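S.K.: Structure: target-v9.pdb, PDB, C-alpha atoms.
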```
ATOM      1  CA  MET A   7      16.287   1.803  -1.039
ATOM      2  CA  ALA A   8      16.804  -1.849  -1.796
ATOM      3  CA  ASP A   9      14.823  -3.383  -4.635
ATOM      4  CA  LEU A  10      11.334  -3.868  -3.232
ATOM      5  CA  GLU A  11      10.691  -6.982  -5.278
ATOM      6  CA  ALA A  12      13.828  -8.743  -4.047
ATOM      7  CA  LYS A  13      13.395  -7.615  -0.456
ATOM      8  CA  TYR A  14       9.672  -8.245   0.126
ATOM      9  CA  ARG A  15       8.277 -10.606  -2.546
ATOM     10  CA  PRO A  16       9.491 -13.868  -0.922
ATOM     11  CA  HIS A  17       8.028 -12.898   2.467
ATOM     12  CA  LEU A  18       4.710 -11.650   1.059
ATOM     13  CA  GLU A  19       4.298 -14.640  -1.262
ATOM     14  CA  ALA A  20       4.708 -16.946   1.748
ATOM     15  CA  LEU A  21       1.593 -15.268   3.236
ATOM     16  CA  LEU A  22      -0.592 -16.025   0.218
ATOM     17  CA  GLU A  23      -3.234 -18.711   0.160
ATOM     18  CA  HIS A  24      -3.149 -21.506  -2.424
ATOM     19  CA  GLY A  25      -3.849 -20.094  -5.891
ATOM     20  CA  GLU A  26      -3.571 -16.472  -4.782
ATOM     21  CA  GLU A  27      -1.398 -14.151  -6.888
ATOM     22  CA  LEU A  28       0.770 -11.248  -5.691
ATOM     23  CA  ARG A  29       0.294  -8.489  -8.284
ATOM     24  CA  GLY A  30       2.368  -5.712  -6.745
ATOM     25  CA  ILE A  31       4.372  -4.465  -3.778
ATOM     26  CA  CYS A  32       4.758  -0.978  -2.375
ATOM     27  CA  VAL A  33       5.929   0.570   0.862
ATOM     28  CA  ALA A  34       4.097   3.202   2.866
ATOM     29  CA  SER A  35       4.297   5.018   6.131
ATOM     30  CA  ARG A  36       1.334   4.249   8.359
ATOM     31  CA  GLN A  37      -0.047   6.771  10.798
ATOM     32  CA  LYS A  38      -1.484   5.361  14.020
ATOM     33  CA  GLY A  39      -2.725   8.120  16.262
ATOM     34  CA  LEU A  40      -1.134  11.524  16.640
ATOM     35  CA  PHE A  41       2.547  10.636  17.007
ATOM     36  CA  LYS A  42       2.651   6.903  16.303
ATOM     37  CA  GLY A  43       3.160   4.904  13.180
ATOM     38  CA  GLY A  44       5.779   3.162  11.140
ATOM     39  CA  ALA A  45       6.542   1.691   7.769
ATOM     40  CA  VAL A  46       4.576  -1.122   6.155
ATOM     41  CA  ALA A  47       4.988  -3.207   3.041
ATOM     42  CA  LEU A  48       1.756  -3.586   1.094
ATOM     43  CA  GLY A  49       1.299  -6.730  -0.918
ATOM     44  CA  VAL A  50      -1.410  -6.291  -3.528
ATOM     45  CA  GLY A  51      -2.949  -9.662  -4.176
ATOM     46  CA  ASP A  52      -5.696 -10.612  -6.548
ATOM     47  CA  ARG A  53      -7.961 -11.415  -3.562
ATOM     48  CA  ARG A  54      -6.781  -9.091  -0.763
ATOM     49  CA  LEU A  55      -4.231  -6.571   0.434
ATOM     50  CA  LEU A  56      -1.486  -7.739   2.775
ATOM     51  CA  VAL A  57      -0.208  -5.204   5.308
ATOM     52  CA  GLN A  58       3.176  -6.217   6.767
ATOM     53  CA  PRO A  59       4.644  -3.931   9.470
ATOM     54  CA  LEU A  60       8.362  -3.195   9.042
ATOM     55  CA  ASP A  61      11.027  -2.450  11.631
ATOM     56  CA  ARG A  62      13.369   0.554  11.484
ATOM     57  CA  ARG A  63      15.704  -1.338   9.123
ATOM     58  CA  GLY A  64      12.829  -2.113   6.758
ATOM     59  CA  ASP A  65      12.606  -5.804   7.652
ATOM     60  CA  PRO A  66       9.247  -7.538   8.287
ATOM     61  CA  ASP A  67       8.353  -7.146  11.961
ATOM     62  CA  GLY A  68       5.235  -8.427  13.655
ATOM     63  CA  ASP A  69       2.078 -10.051  12.462
ATOM     64  CA  PRO A  70       0.818  -9.127   9.002
ATOM     65  CA  GLY A  71      -2.747  -8.049   8.431
ATOM     66  CA  SER A  72      -4.927  -8.468   5.400
ATOM     67  CA  ILE A  73      -7.863  -6.632   3.891
ATOM     68  CA  ALA A  74     -10.370  -8.428   1.702
ATOM     69  CA  PRO A  75     -12.647  -6.411  -0.590
ATOM     70  CA  ALA A  76     -15.687  -7.162   1.608
ATOM     71  CA  GLU A  77     -13.856  -5.621   4.594
ATOM     72  CA  VAL A  78     -13.488  -2.191   2.937
ATOM     73  CA  ALA A  79     -16.250   0.089   4.209
ATOM     74  CA  SER A  80     -14.798   3.173   2.507
ATOM     75  CA  ALA A  81     -11.575   4.452   1.031
ATOM     76  CA  LYS A  82     -10.289   7.741  -0.274
ATOM     77  CA  ALA A  83      -7.048   8.782  -1.855
ATOM     78  CA  GLY A  84      -5.381  11.878  -3.192
ATOM     79  CA  GLY A  85      -2.251  13.935  -3.092
ATOM     80  CA  ALA A  86      -0.446  14.271   0.203
ATOM     81  CA  GLY A  87      -1.814  17.808   0.411
ATOM     82  CA  GLY A  88      -5.469  16.741   0.117
ATOM     83  CA  GLY A  89      -7.942  16.971  -2.746
ATOM     84  CA  TRP A  90      -9.765  13.618  -2.833
ATOM     85  CA  TRP A  91     -10.936  11.940  -6.028
ATOM     86  CA  SER A  92     -11.727   8.350  -6.782
ATOM     87  CA  VAL A  93      -9.255   6.017  -5.124
ATOM     88  CA  PRO A  94      -7.634   4.716  -8.349
ATOM     89  CA  THR A  95      -7.244   8.265  -9.744
ATOM     90  CA  GLY A  96      -5.964   9.590  -6.429
ATOM     91  CA  ILE A  97      -3.304   6.890  -6.280
ATOM     92  CA  LEU A  98      -2.088   7.341  -9.844
ATOM     93  CA  ASP A  99      -2.171  11.145 -10.206
ATOM     94  CA  HIS A 100       0.256  12.273  -7.491
ATOM     95  CA  ALA A 101       3.952  12.030  -6.637
ATOM     96  CA  ALA A 102       3.021  11.529  -2.972
ATOM     97  CA  VAL A 103      -0.220   9.705  -2.204
ATOM     98  CA  ARG A 104      -2.325   9.647   0.943
ATOM     99  CA  LEU A 105      -4.667   6.669   1.213
ATOM    100  CA  GLU A 106      -7.251   6.235   3.956
ATOM    101  CA  ILE A 107      -9.073   2.936   4.315
ATOM    102  CA  LYS A 108     -11.915   2.384   6.759
ATOM    103  CA  LYS A 109     -12.690  -1.266   7.348
ATOM    104  CA  THR A 110     -16.113  -2.682   8.174
ATOM    105  CA  ASP A 111     -14.884  -3.492  11.721
ATOM    106  CA  GLY A 112     -14.127   0.235  12.269
ATOM    107  CA  GLU A 113     -10.340  -0.018  11.940
ATOM    108  CA  LYS A 114      -8.777   2.815   9.946
ATOM    109  CA  LEU A 115      -5.537   2.735   7.988
ATOM    110  CA  LYS A 116      -3.883   6.015   7.041
ATOM    111  CA  LEU A 117      -1.040   5.471   4.593
ATOM    112  CA  MET A 118       1.394   7.834   2.844
ATOM    113  CA  MET A 119       3.274   6.583  -0.223
ATOM    114  CA  MET A 120       5.646   7.957  -2.835
ATOM    115  CA  ARG A 121       5.183   7.002  -6.490
ATOM    116  CA  GLY A 122       8.856   6.141  -6.938
ATOM    117  CA  GLU A 123       9.396   8.256 -10.044
ATOM    118  CA  GLY A 124      11.876  10.887 -11.143
ATOM    119  CA  LYS A 125      15.625  10.957 -11.568
ATOM    120  CA  LEU A 126      16.472  12.662  -8.292
ATOM    121  CA  LEU A 127      14.154  10.964  -5.778
ATOM    122  CA  GLY A 128      12.758   8.022  -7.745
ATOM    123  CA  GLY A 129      15.131   5.437  -6.286
ATOM    124  CA  LEU A 130      14.534   6.715  -2.769
ATOM    125  CA  GLY A 131      10.800   6.351  -3.335
ATOM    126  CA  GLY A 132      11.025   2.692  -4.371
ATOM    127  CA  GLY A 133      11.638   3.110  -8.107
ATOM    128  CA  ASP A 134       9.815   1.034 -10.704
ATOM    129  CA  ALA A 135       8.669  -1.606  -8.223
ATOM    130  CA  GLN A 136       6.932   1.068  -6.107
ATOM    131  CA  ARG A 137       5.298   2.595  -9.199
ATOM    132  CA  GLN A 138       4.112  -0.838 -10.372
ATOM    133  CA  GLY A 139       2.861  -1.633  -6.859
ATOM    134  CA  LEU A 140       0.815   1.566  -6.806
ATOM    135  CA  GLU A 141      -0.625   0.738 -10.219
ATOM    136  CA  ALA A 142      -1.642  -2.699  -8.883
ATOM    137  CA  LEU A 143      -3.149  -1.006  -5.808
ATOM    138  CA  ALA A 144      -5.163   1.386  -7.986
ATOM    139  CA  GLU A 145      -6.393  -1.547 -10.088
ATOM    140  CA  TRP A 146      -7.367  -3.458  -6.922
ATOM    141  CA  PHE A 147      -9.433  -0.507  -5.709
ATOM    142  CA  SER A 148     -11.068  -0.090  -9.132
ATOM    143  CA  ARG A 149     -12.398  -3.636  -8.673
ATOM    144  CA  VAL A 150     -13.362  -3.153  -4.997
ATOM    145  CA  SER A 151     -15.308   0.110  -5.489
ATOM    146  CA  PRO A 152     -15.887   0.859  -1.771
ATOM    147  CA  ALA A 153     -18.745   3.134  -0.760
TER
END
```
Could you express the structure from this file as structure tokens?

M.R.:
Amino acid sequence: MADLEAKYRPHLEALLEHGEELRGICVASRQKGLFKGGAVALGVGDRRLLVQPLDRRGDPDGDPGSIAPAEVASAKAGGAGGGWWSVPTGILDHAAVRLEIKKTDGEKLKLMMMRGEGKLLGGLGGGDAQRQGLEALAEWFSRVSPA
């Protein structure tokens, strides 16, 4: 996988508002319904999360979405096999992470992410940039503290 920072930072930074900071980037697969979905790049900002759909080649495709802290009705995270804890702990304690976000408007995001660690599969999972992006995501949720 190409370096996430080099591939996605310029695009995600262009989506930021004046004074907003991009603290991390990670990629995830997004489930939409039973057999639909696709990849997304998550930009973890200091004020909101950016959700940029990606095409099959991994390039930005379509309109990005964003999630502000006030728009998070609930969130839960844990290992890909289940077992939910607090969102920050669930994100940081597993090699594969499942994150579910329910927004105040009723929209649900179901995301699966790899931590990007290990000699064999670390590079395929996004490497250090993915790991740092997940750490930024966990920190963002520790500040948001959804119900």

S.K.: Between A:Glu145, A:Glu27, A:Asp134, A:Glu77, which is the closest to Asp52 in chain A once you count all atoms listed in the file?

M.R.: A:Glu27

S.K.: By how many Å are CA of Pro70 in chain A and CA of Thr110 in chain A apart?

M.R.: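 That distance, rounded to one decimal, is 18.1 Å.
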
S.K.: Tell me which residues the PyMOL selection byres ((chain A and resi 17-21) around 10) grabs here, as a list in words.

M.R.: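 Expected selection for the PyMOL selection byres ((chain A and resi 17-21) around 10) here is Glu11, Ala12, Lys13, Tyr14, Arg15, Pro16, Leu22, Glu23, His24, Glu26, Glu27, Leu28, Ile31, Ala47, Leu48, Gly49, Val50, Gly51, Leu56, Val57, Gln58, Asp65, Pro66, Pro70, Gly71 and Ser72 of chain A.
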
S.K.: For Trp146 in chain A, list every protein, DNA or RNA residue within 9 Å, evaluated using all atoms listed in the file, and leave out those in the same chain fewer than 3 positions away; present the list as a list in words.

M.R.: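 Everything that qualifies: Val50, Gly51, Asp52, Arg53, Arg54, Leu55, Pro75, Pro94, Glu141, Ala142, Leu143, Arg149, Val150 and Ser151 of chain A.
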
S.K.: Give the answer as one residue: which of A:Ile107, A:Leu60, A:Ala74, A:Leu140 has the shortest atom-to-atom distance to Met120 in chain A, using all atoms listed in the file?

M.R.: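 Of the candidates, the smallest distance to Met120 in chain A is held by A:Leu140.
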
S.K.: Pick the closest to Ala144 in chain A from A:Asp111, A:Gly30, A:Ala45, A:Ala76: which is it, counting all atoms listed in the file?

M.R.: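 Answer, going by the shortest atom-to-atom distance: A:Gly30.
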
S.K.: Go through A:Gln136, A:Gly44, A:Val78, A:Leu10 and flag the residue nearest Val103 in chain A, using all atoms listed in the file for the distances.

M.R.: A:Gln136

S.K.: Any idea what the distance is between CA of Ile73 in chain A and CA of Gly133 in chain A?

M.R.: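 One can read the CA of Ile73 in chain A to CA of Gly133 in chain A distance as 24.9 Å.
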
S.K.: I need the residue nearest Leu117 in chain A from this list: A:Asp9, A:Lys82, A:Asp67, A:Arg36. Use all atoms listed in the file for the distance.

M.R.: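 Result for the nearest residue to Leu117 in chain A: A:Arg36.
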
S.K.: State, in Å with one decimal place, the distance from CA of Met119 in chain A to CA of Ala34 in chain A.

M.R.: 4.7 Å

S.K.: Box along x, y and z, 6 Å on every side, all listed atoms of range 7-26 of chain A inside: centre and edge lengths in Å to one decimal, as lines of an AutoDock Vina configuration file.

M.R.:
```
center_x = 6.5
center_y = -9.9
center_z = -1.3
size_x = 32.7
size_y = 35.3
size_z = 21.1
```
